[in-house]
Amino acid sequence: MKRRTVVQELGAALACLVLSVGCSNKDAAPSGPGAAAGPSARAGAAAPPAAAPPAAAPVKLTVGHDLWIGYSGVFLANELGLFKKAGLTVELKPFSNPGDTLAALAAGQLDVGLTTLQNLAVLHGNSASDVVAIALVDSSNGADAVVAKESIKTMADLKGKTVALTLGEVNHMLFLFGLEKSGVGPGDVKITSMSADDAGAAFVAGKVDAAVTWEPWITKATKNGGHVIFSSASMPDTITNSVAVQRSKLASGGDAYTRLLGAIDQGVKTLRSEPDKAHPIIGKYLNASPEDVKGMLSGDKIYDLADNKQLFGAADKAGPVYASVKSVVDFTVQSKLVKKPPAPEALVDPRFVR
C-alpha cells in the first residue's frame, strides 16, 4: 500500500471516531482539488486554489514601413520578440516609399505607419486628415544624400544632368534644399521620378548621372563609383521619421500604442548596448552586411523614449520638435506641395511620450 493511501485511511478512521459517525472506509471524505467539503476539510485541509484567469489575447497591430536604417529599433523589437512580450502581435508590412505607408494608414489599411514629418505635412495640407505623429523614431544626419558620378563634384555641376528622385517625397525636399544653397534652379536639372530605392539602383546601374536616395543605397553607390555631393547632415533635424496613427483611434487603442512604443524603446536600448548582436539582425531587413549597417547608423540619430520626452517638451514649455515641424511645413508651402498650410501642432500628439 502506498504511503499516501495509508495516511488517508488513518485520517478517515480518526474522523469517524471523533465525530461518532458510523462511517466506513468507503464513506471517507474524498480528497483532491475537486472534492466536496467533508470531515477532512473541516479538520483543516487546504482549500482548492482559485483558477487563474485566462490570459488576454494579444492585440494585433499592422505596422507599415519602408526599408530605412532609422527603423532599426522596430526591426529589433520584432525579431527579438519584444512586441510579443508586450502582449502584441505585430505584422510589419514594407512599402517602397514613406508616402505609400501614409496613404495606406489614412485609408485605414494599417494601424500604424512609420513615415516622415514632411509626408504628414503634405497629407494635412491637401486633405482633412486625423493622422498624427505620437513619437519620433529618428532624424537623418547623412543617411539621405545626393550621390553622383565622380565627374560631378558639386550640386552646381548637376546643370543639364539627369537626376533620379521621388517627386513630392522627402528626398525631393533634400534635393531642392541643396540646389537652393548652390544657386541652381530646379529647371536646370533633368528630373526622373522613381522611388528612393529604385533611384539608388538606377544610379548603381549607370542609368542616371545622380540620384537622391538613402541607406543602404548610399553605401552601395559609393562602392560602385559614386560619391556624396550633398546630404541630410547639412540640414539637421529636418528629415525626421515618426510613429503615426489616426487620432480617432488613440482613445480606444491607447494602451496598445503605449506598449508598442515601449517595445521599440527596448529595441533601441538593445541597439545601443549590444551592437554586435543588433547589426546582423538589422542587416537581414536591409539586405546589408553588419559592417555596412554600422556605417549607415553613423549617419542617423535614432531616438528612444527619453529622447522623445526632451524633443516634445512639457505642456507649458514646448520642445524642439515643434520648430522642426514648422520648418517642414514652411518647406511644403514654399515648394507648393500643399494646397493650404497645415497648423504644425495638428501634426503631432505628445500624450504618449510626455
# chains A, B, ... in the order shown; residues from 1 in each chain; ligands from 1

$ residues_around --residues "Asn308 in chain A" --least-positions-apart "4" --cutoff "7 Å" --atoms "only C-alpha atoms" --output "short mmCIF file (atom, residue, chain, number, x, y, z; two decimals) with C-alpha atoms, in the first residue's frame"
data_model
loop_
_atom_site.label_atom_id
_atom_site.label_comp_id
_atom_site.auth_asym_id
_atom_site.auth_seq_id
_atom_site.Cartn_x
_atom_site.Cartn_y
_atom_site.Cartn_z
CA ALA A 135 6.57 59.71 -31.26
CA LEU A 136 9.72 60.39 -33.24
CA TYR A 303 15.62 58.18 -30.63
CA ASP A 304 14.44 56.34 -27.52
CA PHE A 312 8.40 67.14 -27.27
CA VAL A 353 5.85 60.40 -24.66
#

$ select_by_dssp --residues "range 249-326 of chain A" --states "strand (DSSP E)" --output "PyMOL selection string"
chain A and resi 300-302+313-314+317-318

$ select_by_dssp --residues "range 25-229 of chain A" --states "alpha helix (DSSP H)" --output "PyMOL selection string"
chain A and resi 39-42+72-79+82-85+98-106+117-126+170-182+196-204+217-222

$ write_last_selection --atoms "C-alpha atoms" --output "compact mmCIF listing (two decimals), in the first residue's frame"
# COMPACT_ATOMS: atom_id res chain seq x y z
CA PRO A 39 -14.95 15.87 7.70
CA SER A 40 -11.39 16.02 6.41
CA ALA A 41 -11.99 19.54 5.08
CA ARG A 42 -13.36 20.67 8.45
CA SER A 72 16.31 49.65 -36.51
CA GLY A 73 14.58 49.73 -33.11
CA VAL A 74 11.38 48.44 -34.73
CA PHE A 75 13.20 45.65 -36.58
CA LEU A 76 14.93 44.56 -33.37
CA ALA A 77 11.69 44.64 -31.35
CA ASN A 78 10.09 42.39 -33.94
CA GLU A 79 12.99 39.95 -34.31
CA LEU A 82 9.80 42.31 -27.69
CA PHE A 83 6.41 43.03 -29.23
CA LYS A 84 5.19 39.61 -28.17
CA LYS A 85 6.43 40.20 -24.60
CA PRO A 98 7.16 56.64 -46.78
CA GLY A 99 4.32 58.32 -48.67
CA ASP A 100 2.90 54.94 -49.65
CA THR A 101 2.85 53.95 -45.99
CA LEU A 102 0.98 57.10 -45.04
CA ALA A 103 -1.63 56.71 -47.77
CA ALA A 104 -2.39 53.18 -46.56
CA LEU A 105 -2.65 54.41 -42.96
CA ALA A 106 -5.01 57.23 -43.88
CA LEU A 117 7.02 64.60 -40.80
CA GLN A 118 7.21 66.02 -44.31
CA ASN A 119 4.72 63.43 -45.53
CA LEU A 120 2.42 64.24 -42.63
CA ALA A 121 2.55 67.91 -43.59
CA VAL A 122 1.69 67.11 -47.20
CA LEU A 123 -1.21 64.89 -46.11
CA HIS A 124 -2.68 67.55 -43.81
CA GLY A 125 -2.10 70.30 -46.36
CA ASN A 126 -4.07 68.52 -49.06
CA VAL A 170 11.40 63.80 -48.53
CA ASN A 171 14.32 63.17 -50.91
CA HIS A 172 12.84 65.77 -53.24
CA MET A 173 12.90 68.21 -50.32
CA LEU A 174 16.56 67.38 -49.67
CA PHE A 175 17.41 67.91 -53.32
CA LEU A 176 15.69 71.29 -53.61
CA PHE A 177 17.37 72.46 -50.42
CA GLY A 178 20.76 71.50 -51.85
CA LEU A 179 20.05 73.22 -55.17
CA GLU A 180 18.99 76.41 -53.38
CA LYS A 181 22.22 76.50 -51.38
CA SER A 182 24.17 76.09 -54.63
CA ALA A 196 14.39 56.19 -53.47
CA ASP A 197 15.32 52.51 -53.72
CA ASP A 198 14.85 52.49 -57.50
CA ALA A 199 16.81 55.73 -57.78
CA GLY A 200 19.74 54.18 -55.96
CA ALA A 201 19.55 51.07 -58.12
CA ALA A 202 19.36 53.17 -61.30
CA PHE A 203 22.48 55.05 -60.31
CA VAL A 204 24.43 51.89 -59.47
CA TRP A 217 21.78 52.61 -51.40
CA ILE A 218 24.20 55.39 -50.47
CA THR A 219 26.68 52.78 -49.30
CA LYS A 220 26.09 50.69 -52.42
CA ALA A 221 26.53 53.75 -54.63
CA THR A 222 29.84 54.77 -53.05

$ residues_around --residues "Asp349 in chain A" --least-positions-apart "6" --cutoff "10 Å" --atoms "only C-alpha atoms" --output "list in words"
Val131, Val132, Ala133, Ile134, Ala135, Ala244, Val245, Arg247, Leu250 and Phe312 of chain A

$ residues_around --residues "Ile152 in chain A" --least-positions-apart "4" --cutoff "12 Å" --atoms "only C-alpha atoms" --output "tab-separated table (two decimals) with all heavy atoms, in the first residue's frame"
chain	number	residue	atom	x	y	z
A	146	VAL	N	22.48	63.02	-51.91
A	146	VAL	CA	22.59	63.08	-53.36
A	146	VAL	C	23.91	62.43	-53.73
A	146	VAL	O	24.97	62.89	-53.32
A	146	VAL	CB	22.56	64.53	-53.87
A	146	VAL	CG1	22.63	64.56	-55.41
A	146	VAL	CG2	21.33	65.27	-53.38
A	147	VAL	N	23.82	61.32	-54.46
A	147	VAL	CA	25.03	60.64	-54.92
A	147	VAL	C	25.21	60.91	-56.40
A	147	VAL	O	24.22	60.99	-57.15
A	147	VAL	CB	24.99	59.12	-54.64
A	147	VAL	CG1	25.02	58.85	-53.15
A	147	VAL	CG2	23.74	58.49	-55.26
A	148	ALA	N	26.44	61.08	-56.84
A	148	ALA	CA	26.70	61.44	-58.23
A	148	ALA	C	27.97	60.76	-58.73
A	148	ALA	O	28.77	60.23	-57.95
A	148	ALA	CB	26.84	62.96	-58.35
A	156	ALA	N	26.20	72.27	-58.08
A	156	ALA	CA	26.18	73.18	-59.23
A	156	ALA	C	26.51	72.45	-60.52
A	156	ALA	O	26.07	72.85	-61.61
A	156	ALA	CB	27.16	74.33	-59.00
A	157	ASP	N	27.26	71.36	-60.42
A	157	ASP	CA	27.65	70.59	-61.61
A	157	ASP	C	26.49	69.75	-62.16
A	157	ASP	O	26.66	69.07	-63.19
A	157	ASP	CB	28.82	69.67	-61.29
A	157	ASP	CG	30.09	70.44	-60.94
A	157	ASP	OD1	30.22	71.59	-61.39
A	157	ASP	OD2	30.93	69.89	-60.20
A	158	LEU	N	25.35	69.76	-61.48
A	158	LEU	CA	24.21	68.96	-61.94
A	158	LEU	C	23.43	69.63	-63.07
A	158	LEU	O	22.50	69.03	-63.61
A	158	LEU	CB	23.26	68.69	-60.76
A	158	LEU	CG	23.76	67.70	-59.71
A	158	LEU	CD1	22.77	67.62	-58.55
A	158	LEU	CD2	23.95	66.31	-60.31
A	159	LYS	N	23.78	70.84	-63.44
A	159	LYS	CA	23.09	71.53	-64.53
A	159	LYS	C	23.14	70.68	-65.80
A	159	LYS	O	24.21	70.25	-66.24
A	159	LYS	CB	23.74	72.88	-64.81
A	159	LYS	CG	23.44	73.94	-63.76
A	159	LYS	CD	24.04	75.29	-64.15
A	159	LYS	CE	23.72	76.36	-63.14
A	159	LYS	NZ	24.28	77.67	-63.53
A	160	GLY	N	21.96	70.42	-66.36
A	160	GLY	CA	21.88	69.64	-67.57
A	160	GLY	C	21.99	68.14	-67.37
A	160	GLY	O	21.91	67.37	-68.34
A	161	LYS	N	22.16	67.70	-66.13
A	161	LYS	CA	22.33	66.28	-65.84
A	161	LYS	C	20.98	65.64	-65.47
A	161	LYS	O	20.02	66.32	-65.09
A	161	LYS	CB	23.31	66.07	-64.70
A	161	LYS	CG	24.69	66.71	-64.92
A	161	LYS	CD	25.40	66.10	-66.13
A	161	LYS	CE	26.79	66.71	-66.29
A	161	LYS	NZ	27.50	66.16	-67.47
A	162	THR	N	20.94	64.31	-65.56
A	162	THR	CA	19.72	63.56	-65.21
A	162	THR	C	19.83	63.04	-63.79
A	162	THR	O	20.79	62.34	-63.44
A	162	THR	CB	19.51	62.37	-66.17
A	162	THR	OG1	19.41	62.87	-67.51
A	162	THR	CG2	18.25	61.60	-65.81
A	163	VAL	N	18.84	63.39	-62.97
A	163	VAL	CA	18.84	63.02	-61.56
A	163	VAL	C	17.57	62.23	-61.25
A	163	VAL	O	16.46	62.67	-61.58
A	163	VAL	CB	18.89	64.27	-60.65
A	163	VAL	CG1	18.92	63.86	-59.18
A	163	VAL	CG2	20.11	65.12	-60.99
A	209	ASP	N	22.83	60.18	-64.00
A	209	ASP	CA	24.06	60.86	-63.58
A	209	ASP	C	24.15	61.00	-62.07
A	209	ASP	O	25.25	61.03	-61.50
A	209	ASP	CB	24.14	62.25	-64.22
A	209	ASP	CG	24.14	62.19	-65.74
A	209	ASP	OD1	25.00	61.47	-66.29
A	209	ASP	OD2	23.26	62.83	-66.36
A	210	ALA	N	22.99	61.11	-61.44
A	210	ALA	CA	22.96	61.28	-59.98
A	210	ALA	C	21.62	60.76	-59.46
A	210	ALA	O	20.67	60.58	-60.23
A	210	ALA	CB	23.14	62.75	-59.60
A	211	ALA	N	21.55	60.54	-58.17
A	211	ALA	CA	20.32	60.06	-57.55
A	211	ALA	C	20.21	60.61	-56.15
A	211	ALA	O	21.22	60.81	-55.46
A	211	ALA	CB	20.29	58.53	-57.51
A	225	GLY	N	31.51	53.43	-57.69
A	225	GLY	CA	31.95	54.57	-58.49
A	225	GLY	C	31.27	55.89	-58.22
A	225	GLY	O	31.52	56.86	-58.95
A	226	GLY	N	30.42	55.96	-57.21
A	226	GLY	CA	29.77	57.22	-56.89
A	226	GLY	C	30.31	57.87	-55.64
A	226	GLY	O	31.13	57.29	-54.93
A	227	HIS	N	29.86	59.08	-55.38
A	227	HIS	CA	30.24	59.77	-54.14
A	227	HIS	C	29.12	60.73	-53.75
A	227	HIS	O	28.27	61.09	-54.57
A	227	HIS	CB	31.58	60.50	-54.29
A	227	HIS	CG	31.53	61.71	-55.20
A	227	HIS	ND1	31.94	62.95	-54.82
A	227	HIS	CD2	31.08	61.84	-56.48
A	227	HIS	CE1	31.78	63.81	-55.82
A	227	HIS	NE2	31.28	63.15	-56.84
A	228	VAL	N	29.11	61.13	-52.51
A	228	VAL	CA	28.07	62.01	-51.97
A	228	VAL	C	28.46	63.46	-52.22
A	228	VAL	O	29.57	63.89	-51.88
A	228	VAL	CB	27.89	61.77	-50.46
A	228	VAL	CG1	26.93	62.80	-49.87
A	228	VAL	CG2	27.37	60.35	-50.20
A	229	ILE	N	27.53	64.23	-52.81
A	229	ILE	CA	27.80	65.66	-53.02
A	229	ILE	C	26.92	66.55	-52.14
A	229	ILE	O	27.17	67.74	-52.02
A	229	ILE	CB	27.62	66.05	-54.50
A	229	ILE	CG1	26.19	65.77	-54.99
A	229	ILE	CG2	28.65	65.32	-55.37
A	229	ILE	CD1	25.92	66.29	-56.40
A	230	PHE	N	25.91	65.96	-51.52
A	230	PHE	CA	25.07	66.71	-50.56
A	230	PHE	C	24.30	65.69	-49.74
A	230	PHE	O	23.88	64.66	-50.27
A	230	PHE	CB	24.10	67.65	-51.28
A	230	PHE	CG	23.35	68.56	-50.37
A	230	PHE	CD1	23.96	69.68	-49.82
A	230	PHE	CD2	22.03	68.30	-50.02
A	230	PHE	CE1	23.27	70.53	-48.95
A	230	PHE	CE2	21.33	69.14	-49.16
A	230	PHE	CZ	21.96	70.25	-48.62

$ closest_residue --among "A:Thr213, A:Thr258, A:Thr238, A:Asn287" --to "Ser195 in chain A" --atoms "only C-alpha atoms"
A:Thr213

$ decode --residues "range 117-197 of chain A" --atoms "C-alpha atoms" --output "CSV table (one decimal), in the first residue's frame"
chain,number,residue,atom,x,y,z
A,117,LEU,CA,7.0,64.6,-40.8
A,118,GLN,CA,7.2,66.0,-44.3
A,119,ASN,CA,4.7,63.4,-45.5
A,120,LEU,CA,2.4,64.2,-42.6
A,121,ALA,CA,2.5,67.9,-43.6
A,122,VAL,CA,1.7,67.1,-47.2
A,123,LEU,CA,-1.2,64.9,-46.1
A,124,HIS,CA,-2.7,67.5,-43.8
A,125,GLY,CA,-2.1,70.3,-46.4
A,126,ASN,CA,-4.1,68.5,-49.1
A,127,SER,CA,-6.9,66.8,-47.2
A,128,ALA,CA,-8.9,66.6,-44.0
A,129,SER,CA,-6.8,64.1,-42.0
A,130,ASP,CA,-6.6,63.0,-38.4
A,131,VAL,CA,-3.3,61.2,-38.8
A,132,VAL,CA,-0.7,62.4,-36.2
A,133,ALA,CA,2.8,61.6,-35.0
A,134,ILE,CA,2.8,60.2,-31.5
A,135,ALA,CA,6.6,59.7,-31.3
A,136,LEU,CA,9.7,60.4,-33.2
A,137,VAL,CA,11.8,57.5,-34.4
A,138,ASP,CA,14.9,59.1,-35.8
A,139,SER,CA,16.4,62.0,-37.6
A,140,SER,CA,18.6,61.6,-40.7
A,141,ASN,CA,22.1,63.0,-40.3
A,142,GLY,CA,23.7,62.0,-43.5
A,143,ALA,CA,21.7,58.8,-44.3
A,144,ASP,CA,19.8,60.6,-47.0
A,145,ALA,CA,22.0,62.0,-49.8
A,146,VAL,CA,22.6,63.1,-53.4
A,147,VAL,CA,25.0,60.6,-54.9
A,148,ALA,CA,26.7,61.4,-58.2
A,149,LYS,CA,29.3,60.3,-60.7
A,150,GLU,CA,32.9,61.2,-59.8
A,151,SER,CA,33.0,63.7,-62.6
A,152,ILE,CA,30.2,65.7,-60.8
A,153,LYS,CA,31.9,67.4,-57.9
A,154,THR,CA,29.2,69.7,-56.6
A,155,MET,CA,25.4,70.4,-56.8
A,156,ALA,CA,26.2,73.2,-59.2
A,157,ASP,CA,27.6,70.6,-61.6
A,158,LEU,CA,24.2,69.0,-61.9
A,159,LYS,CA,23.1,71.5,-64.5
A,160,GLY,CA,21.9,69.6,-67.6
A,161,LYS,CA,22.3,66.3,-65.8
A,162,THR,CA,19.7,63.6,-65.2
A,163,VAL,CA,18.8,63.0,-61.6
A,164,ALA,CA,16.6,60.3,-60.2
A,165,LEU,CA,14.4,61.2,-57.2
A,166,THR,CA,10.9,60.8,-55.8
A,167,LEU,CA,8.8,63.9,-56.6
A,168,GLY,CA,6.9,65.2,-53.6
A,169,GLU,CA,8.8,63.0,-51.1
A,170,VAL,CA,11.4,63.8,-48.5
A,171,ASN,CA,14.3,63.2,-50.9
A,172,HIS,CA,12.8,65.8,-53.2
A,173,MET,CA,12.9,68.2,-50.3
A,174,LEU,CA,16.6,67.4,-49.7
A,175,PHE,CA,17.4,67.9,-53.3
A,176,LEU,CA,15.7,71.3,-53.6
A,177,PHE,CA,17.4,72.5,-50.4
A,178,GLY,CA,20.8,71.5,-51.9
A,179,LEU,CA,20.0,73.2,-55.2
A,180,GLU,CA,19.0,76.4,-53.4
A,181,LYS,CA,22.2,76.5,-51.4
A,182,SER,CA,24.2,76.1,-54.6
A,183,GLY,CA,22.3,78.7,-56.6
A,184,VAL,CA,20.9,76.2,-59.1
A,185,GLY,CA,17.2,76.2,-60.2
A,186,PRO,CA,15.1,73.0,-60.4
A,187,GLY,CA,14.5,73.8,-64.1
A,188,ASP,CA,18.3,73.5,-64.8
A,189,VAL,CA,18.2,69.7,-64.0
A,190,LYS,CA,16.5,66.8,-65.7
A,191,ILE,CA,14.5,65.0,-63.1
A,192,THR,CA,13.2,61.5,-63.5
A,193,SER,CA,10.8,60.4,-60.7
A,194,MET,CA,11.1,57.0,-59.1
A,195,SER,CA,11.3,55.6,-55.5
A,196,ALA,CA,14.4,56.2,-53.5
A,197,ASP,CA,15.3,52.5,-53.7
